[in-house]
file start.txt (compact mmCIF, C-alpha atoms)
# COMPACT_ATOMS: atom_id res chain seq x y z
CA ILE A 1 -32.61 -79.20 40.96
CA ALA A 2 -30.26 -80.38 38.22
CA THR A 3 -28.34 -77.64 36.42
CA ARG A 4 -29.57 -79.03 33.08
CA LYS A 5 -33.17 -78.32 34.17
CA ALA A 6 -32.21 -74.96 35.62
CA CYS A 7 -30.70 -74.14 32.25
CA GLY A 8 -33.98 -74.95 30.46
CA LEU A 9 -35.90 -72.76 32.89
CA ALA A 10 -33.38 -69.95 32.47
CA LEU A 11 -33.69 -70.09 28.67
CA ALA A 12 -37.49 -69.75 28.92
CA LYS A 13 -37.11 -66.81 31.31
CA LEU A 14 -34.62 -65.15 28.98
CA GLY A 15 -36.92 -65.79 26.02
CA ASP A 16 -39.70 -63.94 27.81
CA ALA A 17 -37.46 -60.94 28.40
CA ASN A 18 -35.94 -60.81 24.90
CA ASP A 19 -37.70 -61.88 21.70
CA ARG A 20 -34.34 -62.14 19.88
CA VAL A 21 -33.49 -65.28 21.85
CA ILE A 22 -33.77 -68.54 19.89
CA VAL A 23 -32.98 -72.10 20.94
CA LEU A 24 -31.81 -75.02 18.80
CA ASP A 25 -31.60 -78.63 19.93
CA GLY A 26 -30.23 -81.89 18.58
CA ASP A 27 -33.17 -84.20 19.39
CA THR A 28 -32.37 -84.13 23.12
CA LYS A 29 -34.86 -81.46 24.25
CA TYR A 30 -36.57 -83.59 26.89
CA SER A 31 -33.23 -84.34 28.54
CA THR A 32 -31.62 -80.91 28.13
CA PHE A 33 -34.94 -79.32 29.16
CA SER A 34 -34.91 -76.99 26.15
CA GLU A 35 -38.44 -78.36 25.71
CA ILE A 36 -39.49 -75.78 28.33
CA PHE A 37 -38.51 -73.03 25.89
CA ASN A 38 -40.13 -74.92 23.00
CA LYS A 39 -43.48 -75.04 24.81
CA GLU A 40 -43.42 -71.31 25.50
CA TYR A 41 -41.96 -70.08 22.21
CA PRO A 42 -42.31 -72.75 19.50
CA GLU A 43 -41.81 -70.17 16.75
CA ARG A 44 -38.30 -69.51 18.13
CA PHE A 45 -37.29 -73.13 18.62
CA ILE A 46 -35.45 -75.08 15.91
CA GLU A 47 -35.29 -78.88 16.12
CA CYS A 48 -32.14 -79.97 14.30
CA PHE A 49 -32.36 -83.66 15.27
CA MET A 50 -29.19 -85.71 15.66
CA ALA A 51 -27.08 -83.58 13.31
CA GLU A 52 -24.88 -81.53 15.61
CA GLN A 53 -22.68 -80.16 12.82
CA ASN A 54 -25.76 -78.82 11.08
CA MET A 55 -27.19 -77.49 14.34
CA VAL A 56 -24.08 -75.38 15.01
CA SER A 57 -24.04 -74.19 11.40
CA VAL A 58 -27.69 -73.12 11.63
CA ALA A 59 -26.97 -71.32 14.92
CA LEU A 60 -24.05 -69.49 13.31
CA GLY A 61 -26.30 -68.38 10.48
CA CYS A 62 -29.07 -67.26 12.80
CA ALA A 63 -26.63 -65.25 14.92
CA SER A 64 -24.93 -63.54 11.99
CA ARG A 65 -25.19 -59.73 11.95
CA GLY A 66 -26.54 -59.92 15.49
CA TRP A 67 -30.07 -60.74 14.37
CA THR A 68 -30.64 -63.29 17.11
CA ILE A 69 -29.15 -64.53 20.38
CA ALA A 70 -28.72 -68.21 19.61
CA PHE A 71 -28.40 -71.07 22.11
CA ALA A 72 -27.63 -74.52 20.67
CA SER A 73 -28.32 -77.35 23.14
CA THR A 74 -27.41 -81.05 23.15
CA PHE A 75 -25.46 -83.63 25.16
CA ALA A 76 -21.92 -82.37 25.81
CA ALA A 77 -20.55 -85.68 24.50
CA PHE A 78 -22.18 -85.02 21.11
CA VAL A 79 -20.89 -81.45 20.76
CA THR A 80 -17.46 -82.80 19.80
CA ARG A 81 -18.93 -83.87 16.44
CA ALA A 82 -19.24 -80.20 15.51
CA PHE A 83 -15.70 -79.14 16.40
CA ASP A 84 -14.86 -77.81 12.94
CA GLN A 85 -18.02 -75.71 12.78
CA ILE A 86 -17.29 -74.37 16.27
CA ARG A 87 -13.69 -73.57 15.35
CA MET A 88 -14.70 -71.76 12.18
CA GLY A 89 -17.44 -69.89 14.04
CA ALA A 90 -14.86 -68.61 16.52
CA ILE A 91 -12.53 -67.56 13.70
CA SER A 92 -15.48 -65.61 12.24
CA GLU A 93 -15.97 -63.98 15.67
CA SER A 94 -19.52 -65.28 15.89
CA ASN A 95 -21.57 -64.80 19.03
CA ILE A 96 -23.28 -68.14 19.66
CA ASN A 97 -23.89 -70.05 22.87
CA ILE A 98 -23.55 -73.82 23.13
CA ILE A 99 -25.04 -75.79 26.01
CA GLY A 100 -23.50 -79.18 26.73
CA SER A 101 -25.66 -81.29 29.05
CA ARG A 102 -25.03 -84.55 30.94
CA CYS A 103 -21.27 -84.22 31.32
CA GLY A 104 -18.80 -86.48 33.09
CA VAL A 105 -19.18 -89.79 34.92
CA SER A 106 -21.99 -88.25 36.97
CA VAL A 107 -24.23 -89.09 33.98
CA GLY A 108 -24.38 -92.50 35.67
CA GLU A 109 -26.22 -95.46 34.17
CA ASP A 110 -26.20 -94.26 30.54
CA GLY A 111 -22.56 -95.27 30.18
CA ALA A 112 -19.34 -93.98 28.66
CA SER A 113 -20.80 -93.05 25.25
CA GLN A 114 -22.93 -90.37 26.95
CA MET A 115 -20.20 -89.07 29.30
CA ALA A 116 -18.48 -85.90 28.09
CA LEU A 117 -14.97 -86.09 29.50
CA ASP A 118 -13.08 -84.09 26.88
CA ASP A 119 -15.42 -81.16 26.19
CA ILE A 120 -13.61 -78.67 28.43
CA ALA A 121 -10.35 -79.50 26.66
CA MET A 122 -11.98 -78.88 23.28
CA PHE A 123 -13.50 -75.52 24.20
CA ARG A 124 -10.32 -74.33 25.94
CA THR A 125 -8.66 -74.40 22.51
CA ILE A 126 -11.34 -72.17 20.95
CA PRO A 127 -10.23 -68.52 20.78
CA MET A 128 -12.37 -65.91 22.56
CA CYS A 129 -14.54 -68.67 24.08
CA THR A 130 -15.99 -68.35 27.56
CA ILE A 131 -16.55 -71.64 29.43
CA PHE A 132 -19.19 -71.64 32.17
CA TYR A 133 -19.47 -74.58 34.57
CA PRO A 134 -22.21 -73.64 37.08
CA SER A 135 -22.71 -75.73 40.20
CA ASP A 136 -26.32 -74.98 41.12
CA ALA A 137 -29.59 -73.55 39.76
CA VAL A 138 -28.82 -69.95 40.70
CA SER A 139 -25.37 -69.89 39.10
CA THR A 140 -26.80 -71.63 36.03
CA GLU A 141 -29.38 -68.89 35.50
CA HIS A 142 -26.62 -66.31 35.79
CA ALA A 143 -24.45 -68.24 33.32
CA VAL A 144 -27.26 -68.19 30.73
CA SER A 145 -27.83 -64.46 31.23
CA LEU A 146 -24.12 -63.63 31.06
CA ALA A 147 -23.66 -65.79 27.94
CA ALA A 148 -26.50 -63.98 26.18
CA ASN A 149 -24.69 -60.67 26.66
CA ALA A 150 -21.10 -61.86 26.17
CA LYS A 151 -18.97 -61.16 23.13
CA GLY A 152 -17.69 -64.26 21.37
CA MET A 153 -18.60 -67.91 21.73
CA CYS A 154 -19.80 -69.36 25.05
CA PHE A 155 -20.04 -72.93 26.30
CA ILE A 156 -22.24 -73.79 29.28
CA ARG A 157 -21.56 -77.20 30.85
CA THR A 158 -24.49 -78.68 32.77
CA THR A 159 -24.91 -81.88 34.77
CA ARG A 160 -27.56 -84.56 35.12
CA PRO A 161 -27.86 -85.21 38.90
CA GLU A 162 -30.03 -83.00 41.04
CA THR A 163 -28.05 -80.84 43.46
CA ILE A 164 -28.90 -78.53 46.32
CA VAL A 165 -28.93 -74.78 45.78
CA ILE A 166 -25.81 -73.16 47.22
CA TYR A 167 -26.33 -69.52 46.32
CA THR A 168 -29.05 -67.06 47.23
CA PRO A 169 -30.97 -65.32 44.42
CA GLN A 170 -29.15 -62.10 45.36
CA GLU A 171 -25.69 -63.54 44.65
CA HIS A 172 -23.75 -61.59 42.03
CA PHE A 173 -21.82 -63.42 39.31
CA GLU A 174 -19.31 -62.20 36.77
CA ILE A 175 -17.34 -63.85 34.00
CA GLY A 176 -13.90 -64.76 35.33
CA GLN A 177 -14.91 -64.47 38.98
CA ALA A 178 -14.73 -67.57 41.19
CA LYS A 179 -16.54 -68.03 44.50
CA VAL A 180 -14.77 -68.94 47.74
CA LEU A 181 -17.38 -71.07 49.50
CA CYS A 182 -15.64 -71.76 52.78
CA HIS A 183 -12.50 -70.36 54.32
CA CYS A 184 -10.86 -69.52 57.63
CA VAL A 185 -7.45 -68.44 58.93
CA SER A 186 -6.60 -72.08 59.68
CA ASP A 187 -7.03 -73.37 56.11
CA LYS A 188 -4.26 -75.77 55.12
CA VAL A 189 -5.17 -76.67 51.52
CA THR A 190 -7.12 -74.97 48.73
CA VAL A 191 -9.51 -77.33 46.92
CA ILE A 192 -10.81 -76.13 43.55
CA GLY A 193 -13.90 -77.66 41.99
CA ALA A 194 -16.59 -76.84 39.44
CA GLY A 195 -20.06 -78.19 38.83
CA ILE A 196 -20.70 -81.53 40.52
CA THR A 197 -17.29 -81.68 42.24
CA VAL A 198 -18.02 -78.54 44.26
CA TYR A 199 -20.39 -80.66 46.37
CA GLU A 200 -17.72 -83.33 46.84
CA ALA A 201 -15.27 -80.66 47.96
CA LEU A 202 -17.78 -79.25 50.46
CA ALA A 203 -18.48 -82.74 51.81
CA ALA A 204 -14.73 -83.31 52.19
CA ALA A 205 -14.42 -79.99 54.03
CA ASP A 206 -17.09 -81.08 56.51
CA GLU A 207 -15.40 -84.44 57.08
CA LEU A 208 -11.94 -82.90 57.52
CA ALA A 209 -13.25 -80.24 59.89
CA LYS A 210 -14.28 -83.03 62.26
CA GLN A 211 -10.57 -83.90 62.39
CA ASP A 212 -9.49 -80.25 62.88
CA ILE A 213 -8.19 -80.02 59.32
CA PHE A 214 -9.54 -77.02 57.45
CA ILE A 215 -9.61 -76.49 53.71
CA ARG A 216 -10.58 -73.61 51.47
CA VAL A 217 -13.15 -74.53 48.80
CA ILE A 218 -13.39 -72.62 45.50
CA ASP A 219 -16.20 -72.87 42.95
CA LEU A 220 -14.66 -71.69 39.66
CA PHE A 221 -17.95 -70.82 37.86
CA THR A 222 -15.98 -69.99 34.71
CA ILE A 223 -13.10 -72.20 33.61
CA LYS A 224 -12.13 -69.82 30.84
CA PRO A 225 -11.27 -67.16 31.80
CA LEU A 226 -9.95 -68.40 35.14
CA ASP A 227 -10.03 -66.25 38.23
CA VAL A 228 -6.25 -66.35 38.59
CA THR A 229 -6.21 -63.70 41.32
CA THR A 230 -8.47 -65.71 43.64
CA ILE A 231 -6.61 -68.96 42.90
CA ILE A 232 -3.19 -67.51 43.66
CA SER A 233 -4.27 -65.58 46.76
CA SER A 234 -5.99 -68.69 48.15
CA ALA A 235 -2.96 -70.84 47.33
CA LYS A 236 -0.66 -68.46 49.20
CA ALA A 237 -3.06 -68.43 52.18
CA THR A 238 -2.80 -72.25 52.34
CA GLU A 239 1.00 -72.42 52.09
CA GLY A 240 0.97 -73.15 48.36
CA ARG A 241 -1.10 -76.33 48.58
CA VAL A 242 -3.76 -76.70 45.85
CA ILE A 243 -5.92 -79.67 44.83
CA THR A 244 -8.16 -79.57 41.77
CA VAL A 245 -11.02 -82.03 41.33
CA GLU A 246 -12.99 -82.40 38.10
CA ASP A 247 -15.48 -84.67 36.34
CA HIS A 248 -13.34 -84.66 33.20
CA TYR A 249 -10.16 -86.23 31.88
CA PRO A 250 -6.93 -84.65 33.18
CA GLN A 251 -5.79 -83.73 29.68
CA GLY A 252 -6.92 -80.21 28.90
CA GLY A 253 -9.12 -79.94 31.97
CA ILE A 254 -9.36 -77.79 35.07
CA GLY A 255 -6.18 -79.16 36.64
CA GLU A 256 -4.06 -78.23 33.63
CA ALA A 257 -5.68 -74.80 33.44
CA VAL A 258 -4.79 -74.15 37.09
CA TYR A 259 -1.27 -75.56 36.60
CA ALA A 260 -0.70 -73.08 33.79
CA ALA A 261 -2.08 -70.19 35.82
CA VAL A 262 0.31 -70.72 38.76
CA SER A 263 3.29 -72.17 36.88
CA MET A 264 5.54 -69.14 37.43
CA ASP A 265 5.25 -69.42 41.21
CA PRO A 266 7.59 -72.15 42.50
CA ASP A 267 5.97 -72.10 45.93
CA ILE A 268 2.57 -73.33 44.67
CA LYS A 269 2.08 -77.09 44.25
CA VAL A 270 -0.97 -78.43 42.42
CA HIS A 271 -2.34 -81.97 42.69
CA SER A 272 -5.07 -82.95 40.23
CA LEU A 273 -7.92 -85.41 40.80
CA ALA A 274 -9.59 -86.32 37.50
CA VAL A 275 -11.24 -89.22 35.69
CA SER A 276 -9.00 -91.75 33.94
CA GLY A 277 -9.72 -94.60 31.55
CA VAL A 278 -13.04 -95.54 29.96
CA PRO A 279 -15.78 -95.35 32.61
CA GLN A 280 -18.43 -97.99 33.11
CA SER A 281 -22.11 -97.57 33.88
CA GLY A 282 -23.29 -97.17 37.45
CA LYS A 283 -24.92 -94.88 39.93
CA PRO A 284 -23.49 -91.33 39.83
CA LYS A 285 -22.20 -91.32 43.42
CA GLU A 286 -20.61 -94.74 42.94
CA LEU A 287 -18.86 -93.60 39.76
CA LEU A 288 -17.55 -90.38 41.32
CA ASP A 289 -15.91 -92.57 43.96
CA MET A 290 -14.79 -95.30 41.54
CA TYR A 291 -12.96 -92.79 39.35
CA GLY A 292 -11.26 -90.90 42.16
CA ILE A 293 -13.14 -87.61 42.35
CA SER A 294 -15.40 -88.14 45.39
CA ALA A 295 -15.20 -86.53 48.81
CA ARG A 296 -13.36 -89.60 50.12
CA HIS A 297 -10.58 -89.17 47.58
CA ILE A 298 -10.32 -85.45 48.33
CA VAL A 299 -9.89 -86.22 52.04
CA VAL A 300 -7.07 -88.68 51.25
CA ALA A 301 -5.40 -86.21 48.85
CA VAL A 302 -5.50 -83.44 51.45
CA LYS A 303 -3.92 -85.64 54.11
CA CYS A 304 -1.22 -86.84 51.70
CA MET A 305 -0.40 -83.28 50.70
CA LEU A 306 -0.05 -82.28 54.35
CA LEU A 307 2.42 -85.11 54.93
CA ASN A 308 4.75 -83.92 52.16
call {"tool": "encode", "arguments": {"input": "start.txt", "output": "structure tokens"}}
result
Amino acid sequence: IATRKACGLALAKLGDANDRVIVLDGDTKYSTFSEIFNKEYPERFIECFMAEQNMVSVALGCASRGWTIAFASTFAAFVTRAFDQIRMGAISESNINIIGSRCGVSVGEDGASQMALDDIAMFRTIPMCTIFYPSDAVSTEHAVSLAANAKGMCFIRTTRPETIVIYTPQEHFEIGQAKVLCHCVSDKVTVIGAGITVYEALAAADELAKQDIFIRVIDLFTIKPLDVTTIISSAKATEGRVITVEDHYPQGGIGEAVYAAVSMDPDIKVHSLAVSGVPQSGKPKELLDMYGISARHIVVAVKCMLLN
């Protein structure tokens, strides 16, 4: 199940549990799956059409004085249009939740105009903003629930491709707590992913294990705040070798966030795999490989790091 659909299902579930929950959308409800909420609770759904600045402004108004728990949903690439409204909302200490769907080159055939590759960078600059980047349906539902109860602004980044479910329904999630998905005493490199790249990291781990090379794989879950403790402890367990892989531009993304977190430790070396240039259209798996963030590229990066 795609995390964008899991997000729509989670919103409907949350709406059933709490009648203060409202959802706004920017004429993308069939793709973001906020239509699921709309069908169940049309009186609490606001269609703002393709006017993202207005949508965020309406959400800010609805959430003022704590009257509602507002979720504003659209394509992550279109959220950037509302940066000023988001910035001012954060300055006003507003509690609104923004869902950015169809991020990165994994969008596939729709092309570069639909690929959010700078959204993480934008939201990292917003004060008191929590950034969720769930990898599967279970973690997405938890992200929605945690965002509804969090203080300050939240951004939930969801993806278009369908992915397998990694976590059991009993898995516990917290803001600022990453998940170590595979590890052993023989791990040589820590590979950090989020969202779609978690699956590429796991595939790389399987391929490398066949060659008796073992890596530790981390699913960040939240990019802001980062789980610095888990990152540093994993880095030290793998002799200071860290690779980050993200469906985002390098500027302002996961790699730079990890760099900053470990910058005071001279024994930790970070290598970043990220998208560069203006992507073209194509199949998601082909584009992940074309732009250097697939399992194949992780395998090469791990081997290169071990040679140095």
call {"tool": "atom_distance", "arguments": {"input": "start.txt", "atom1": "CA of Thr158 (chain A)", "atom2": "CA of Ala77 (chain A)"}}
result
11.5 Å
call {"tool": "atom_distance", "arguments": {"input": "start.txt", "atom1": "CA of Thr230 (chain A)", "atom2": "CA of Asn308 (chain A)"}}
result
24.1 Å
call {"tool": "closest_atom_pairs", "arguments": {"input": "start.txt", "of": "region 136-227 of chain A", "to": "region 90-105 of chain A", "cutoff": "12 Å", "atoms": "all atoms listed in the file", "output": "JSON lines"}}
result
{"residue": "A:Thr140", "atom": "CA", "partner": "A:Ile99", "partner_atom": "CA", "distance": 11.0}
{"residue": "A:Ala143", "atom": "CA", "partner": "A:Ile99", "partner_atom": "CA", "distance": 10.5}
{"residue": "A:Val144", "atom": "CA", "partner": "A:Asn97", "partner_atom": "CA", "distance": 8.8}
{"residue": "A:Ser145", "atom": "CA", "partner": "A:Asn97", "partner_atom": "CA", "distance": 10.8}
{"residue": "A:Leu146", "atom": "CA", "partner": "A:Asn97", "partner_atom": "CA", "distance": 10.4}
{"residue": "A:Ala147", "atom": "CA", "partner": "A:Asn97", "partner_atom": "CA", "distance": 6.6}
{"residue": "A:Ala148", "atom": "CA", "partner": "A:Asn97", "partner_atom": "CA", "distance": 7.4}
{"residue": "A:Asn149", "atom": "CA", "partner": "A:Asn95", "partner_atom": "CA", "distance": 9.2}
{"residue": "A:Ala150", "atom": "CA", "partner": "A:Asn95", "partner_atom": "CA", "distance": 7.7}
{"residue": "A:Lys151", "atom": "CA", "partner": "A:Asn95", "partner_atom": "CA", "distance": 6.1}
{"residue": "A:Gly152", "atom": "CA", "partner": "A:Asn95", "partner_atom": "CA", "distance": 4.6}
{"residue": "A:Met153", "atom": "CA", "partner": "A:Asn95", "partner_atom": "CA", "distance": 5.1}
{"residue": "A:Cys154", "atom": "CA", "partner": "A:Asn97", "partner_atom": "CA", "distance": 4.7}
{"residue": "A:Phe155", "atom": "CA", "partner": "A:Ile98", "partner_atom": "CA", "distance": 4.8}
{"residue": "A:Ile156", "atom": "CA", "partner": "A:Ile99", "partner_atom": "CA", "distance": 4.7}
{"residue": "A:Arg157", "atom": "CA", "partner": "A:Gly100", "partner_atom": "CA", "distance": 5.0}
{"residue": "A:Thr158", "atom": "CA", "partner": "A:Ser101", "partner_atom": "CA", "distance": 4.7}
{"residue": "A:Thr159", "atom": "CA", "partner": "A:Arg102", "partner_atom": "CA", "distance": 4.7}
{"residue": "A:Arg160", "atom": "CA", "partner": "A:Arg102", "partner_atom": "CA", "distance": 4.9}
{"residue": "A:Pro161", "atom": "CA", "partner": "A:Arg102", "partner_atom": "CA", "distance": 8.5}
{"residue": "A:Glu162", "atom": "CA", "partner": "A:Arg102", "partner_atom": "CA", "distance": 11.4}
{"residue": "A:Ala194", "atom": "CA", "partner": "A:Gly104", "partner_atom": "CA", "distance": 11.8}
{"residue": "A:Gly195", "atom": "CA", "partner": "A:Cys103", "partner_atom": "CA", "distance": 9.7}
{"residue": "A:Ile196", "atom": "CA", "partner": "A:Gly104", "partner_atom": "CA", "distance": 9.1}
{"residue": "A:Thr197", "atom": "CA", "partner": "A:Gly104", "partner_atom": "CA", "distance": 10.4}
call {"tool": "write_last_selection", "arguments": {"input": "start.txt", "atoms": "C-alpha atoms", "output": "compact mmCIF listing (two decimals), in the coordinates of the input"}}
result
# COMPACT_ATOMS: atom_id res chain seq x y z
CA THR A 140 -26.80 -71.63 36.03
CA ALA A 143 -24.45 -68.24 33.32
CA VAL A 144 -27.26 -68.19 30.73
CA SER A 145 -27.83 -64.46 31.23
CA LEU A 146 -24.12 -63.63 31.06
CA ALA A 147 -23.66 -65.79 27.94
CA ALA A 148 -26.50 -63.98 26.18
CA ASN A 149 -24.69 -60.67 26.66
CA ALA A 150 -21.10 -61.86 26.17
CA LYS A 151 -18.97 -61.16 23.13
CA GLY A 152 -17.69 -64.26 21.37
CA MET A 153 -18.60 -67.91 21.73
CA CYS A 154 -19.80 -69.36 25.05
CA PHE A 155 -20.04 -72.93 26.30
CA ILE A 156 -22.24 -73.79 29.28
CA ARG A 157 -21.56 -77.20 30.85
CA THR A 158 -24.49 -78.68 32.77
CA THR A 159 -24.91 -81.88 34.77
CA ARG A 160 -27.56 -84.56 35.12
CA PRO A 161 -27.86 -85.21 38.90
CA GLU A 162 -30.03 -83.00 41.04
CA ALA A 194 -16.59 -76.84 39.44
CA GLY A 195 -20.06 -78.19 38.83
CA ILE A 196 -20.70 -81.53 40.52
CA THR A 197 -17.29 -81.68 42.24
call {"tool": "residues_around", "arguments": {"input": "start.txt", "residues": "Tyr30 (chain A)", "least_positions_apart": "2", "cutoff": "12 Å", "atoms": "only C-alpha atoms", "output": "PDB file with C-alpha atoms, in the frame of the given file"}}
result
ATOM      1  CA  ARG A   4     -29.570 -79.030  33.080  1.00  0.00           C
ATOM      2  CA  LYS A   5     -33.170 -78.320  34.170  1.00  0.00           C
ATOM      3  CA  GLY A   8     -33.980 -74.950  30.460  1.00  0.00           C
ATOM      4  CA  ASP A  25     -31.600 -78.630  19.930  1.00  0.00           C
ATOM      5  CA  GLY A  26     -30.230 -81.890  18.580  1.00  0.00           C
ATOM      6  CA  ASP A  27     -33.170 -84.200  19.390  1.00  0.00           C
ATOM      7  CA  THR A  28     -32.370 -84.130  23.120  1.00  0.00           C
ATOM      8  CA  THR A  32     -31.620 -80.910  28.130  1.00  0.00           C
ATOM      9  CA  PHE A  33     -34.940 -79.320  29.160  1.00  0.00           C
ATOM     10  CA  SER A  34     -34.910 -76.990  26.150  1.00  0.00           C
ATOM     11  CA  GLU A  35     -38.440 -78.360  25.710  1.00  0.00           C
ATOM     12  CA  ILE A  36     -39.490 -75.780  28.330  1.00  0.00           C
ATOM     13  CA  PHE A  37     -38.510 -73.030  25.890  1.00  0.00           C
ATOM     14  CA  ASN A  38     -40.130 -74.920  23.000  1.00  0.00           C
ATOM     15  CA  LYS A  39     -43.480 -75.040  24.810  1.00  0.00           C
ATOM     16  CA  GLU A  47     -35.290 -78.880  16.120  1.00  0.00           C
ATOM     17  CA  SER A  73     -28.320 -77.350  23.140  1.00  0.00           C
ATOM     18  CA  THR A  74     -27.410 -81.050  23.150  1.00  0.00           C
ATOM     19  CA  PHE A  75     -25.460 -83.630  25.160  1.00  0.00           C
ATOM     20  CA  SER A 101     -25.660 -81.290  29.050  1.00  0.00           C
TER      21      SER A 101
END
call {"tool": "closest_atom_pairs", "arguments": {"input": "start.txt", "of": "region 145-222 of chain A", "to": "region 278-299 of chain A", "cutoff": "6 Å", "atoms": "all atoms listed in the file", "output": "tab-separated table"}}
result
residue	atom	partner	partner_atom	distance
A:Glu200	CA	A:Ala295	CA	4.5
A:Ala201	CA	A:Ala295	CA	5.9
A:Ala203	CA	A:Ala295	CA	5.8
A:Ala204	CA	A:Ala295	CA	4.7
call {"tool": "atom_distance", "arguments": {"input": "start.txt", "atom1": "CA of Asp110 (chain A)", "atom2": "CA of Asn54 (chain A)"}}
result
24.8 Å
call {"tool": "closest_residue", "arguments": {"input": "start.txt", "among": "A:Ala59, A:Leu181, A:Ala137, A:Met122", "to": "Thr163 (chain A)", "atoms": "all atoms listed in the file"}}
result
A:Ala137
call {"tool": "residues_around", "arguments": {"input": "start.txt", "residues": "Arg216 (chain A)", "least_positions_apart": "5", "cutoff": "6 Å", "atoms": "only C-alpha atoms", "output": "PyMOL selection string"}}
result
chain A and resi 182-183+187+190-191
call {"tool": "closest_residue", "arguments": {"input": "start.txt", "among": "A:Asp219, A:Asp267, A:Asp206, A:Asp227", "to": "Gly240 (chain A)", "atoms": "all atoms listed in the file"}}
result
A:Asp267
call {"tool": "closest_residue", "arguments": {"input": "start.txt", "among": "A:Leu208, A:Ile166, A:Ile254, A:Met305", "to": "Ile192 (chain A)", "atoms": "all atoms listed in the file"}}
result
A:Ile254
call {"tool": "closest_residue", "arguments": {"input": "start.txt", "among": "A:Ile268, A:Thr68, A:Glu141, A:Ala116", "to": "Lys13 (chain A)", "atoms": "all atoms listed in the file"}}
result
A:Glu141
call {"tool": "closest_residue", "arguments": {"input": "start.txt", "among": "A:Val300, A:Ala82, A:Val21, A:Ile213", "to": "Asp119 (chain A)", "atoms": "all atoms listed in the file"}}
result
A:Ala82
call {"tool": "build_atoms", "arguments": {"input": "start.txt", "residues": "region 277-281 of chain A", "atoms": "all heavy atoms", "output": "PDB file, in the frame of the given file"}}
result
ATOM      1  N   GLY A 277      -9.210 -93.399  32.175  1.00  0.00           N
ATOM      2  CA  GLY A 277      -9.720 -94.600  31.550  1.00  0.00           C
ATOM      3  C   GLY A 277     -11.093 -94.420  30.935  1.00  0.00           C
ATOM      4  O   GLY A 277     -11.618 -93.316  30.828  1.00  0.00           O
ATOM      5  N   VAL A 278     -11.695 -95.547  30.535  1.00  0.00           N
ATOM      6  CA  VAL A 278     -13.040 -95.540  29.960  1.00  0.00           C
ATOM      7  C   VAL A 278     -14.018 -95.955  31.058  1.00  0.00           C
ATOM      8  O   VAL A 278     -13.992 -97.092  31.522  1.00  0.00           O
ATOM      9  CB  VAL A 278     -13.153 -96.505  28.767  1.00  0.00           C
ATOM     10  CG1 VAL A 278     -14.569 -96.529  28.208  1.00  0.00           C
ATOM     11  CG2 VAL A 278     -12.154 -96.118  27.670  1.00  0.00           C
ATOM     12  N   PRO A 279     -14.889 -95.047  31.482  1.00  0.00           N
ATOM     13  CA  PRO A 279     -15.780 -95.350  32.610  1.00  0.00           C
ATOM     14  C   PRO A 279     -16.830 -96.407  32.255  1.00  0.00           C
ATOM     15  O   PRO A 279     -17.182 -96.599  31.087  1.00  0.00           O
ATOM     16  CB  PRO A 279     -16.456 -94.006  32.905  1.00  0.00           C
ATOM     17  CG  PRO A 279     -15.637 -92.980  32.212  1.00  0.00           C
ATOM     18  CD  PRO A 279     -15.049 -93.674  31.017  1.00  0.00           C
ATOM     19  N   GLN A 280     -17.327 -97.048  33.277  1.00  0.00           N
ATOM     20  CA  GLN A 280     -18.430 -97.990  33.110  1.00  0.00           C
ATOM     21  C   GLN A 280     -19.733 -97.350  33.585  1.00  0.00           C
ATOM     22  O   GLN A 280     -19.739 -96.216  34.076  1.00  0.00           O
ATOM     23  CB  GLN A 280     -18.156 -99.258  33.903  1.00  0.00           C
ATOM     24  CG  GLN A 280     -18.105 -99.061  35.417  1.00  0.00           C
ATOM     25  CD  GLN A 280     -17.753-100.341  36.154  1.00  0.00           C
ATOM     26  OE1 GLN A 280     -16.762-100.988  35.845  1.00  0.00           O
ATOM     27  NE2 GLN A 280     -18.560-100.684  37.143  1.00  0.00           N
ATOM     28  N   SER A 281     -20.815 -98.059  33.400  1.00  0.00           N
ATOM     29  CA  SER A 281     -22.110 -97.570  33.880  1.00  0.00           C
ATOM     30  C   SER A 281     -22.225 -97.795  35.386  1.00  0.00           C
ATOM     31  O   SER A 281     -21.569 -98.678  35.947  1.00  0.00           O
ATOM     32  CB  SER A 281     -23.247 -98.304  33.176  1.00  0.00           C
ATOM     33  OG  SER A 281     -23.219 -98.065  31.792  1.00  0.00           O
TER      34      SER A 281
END
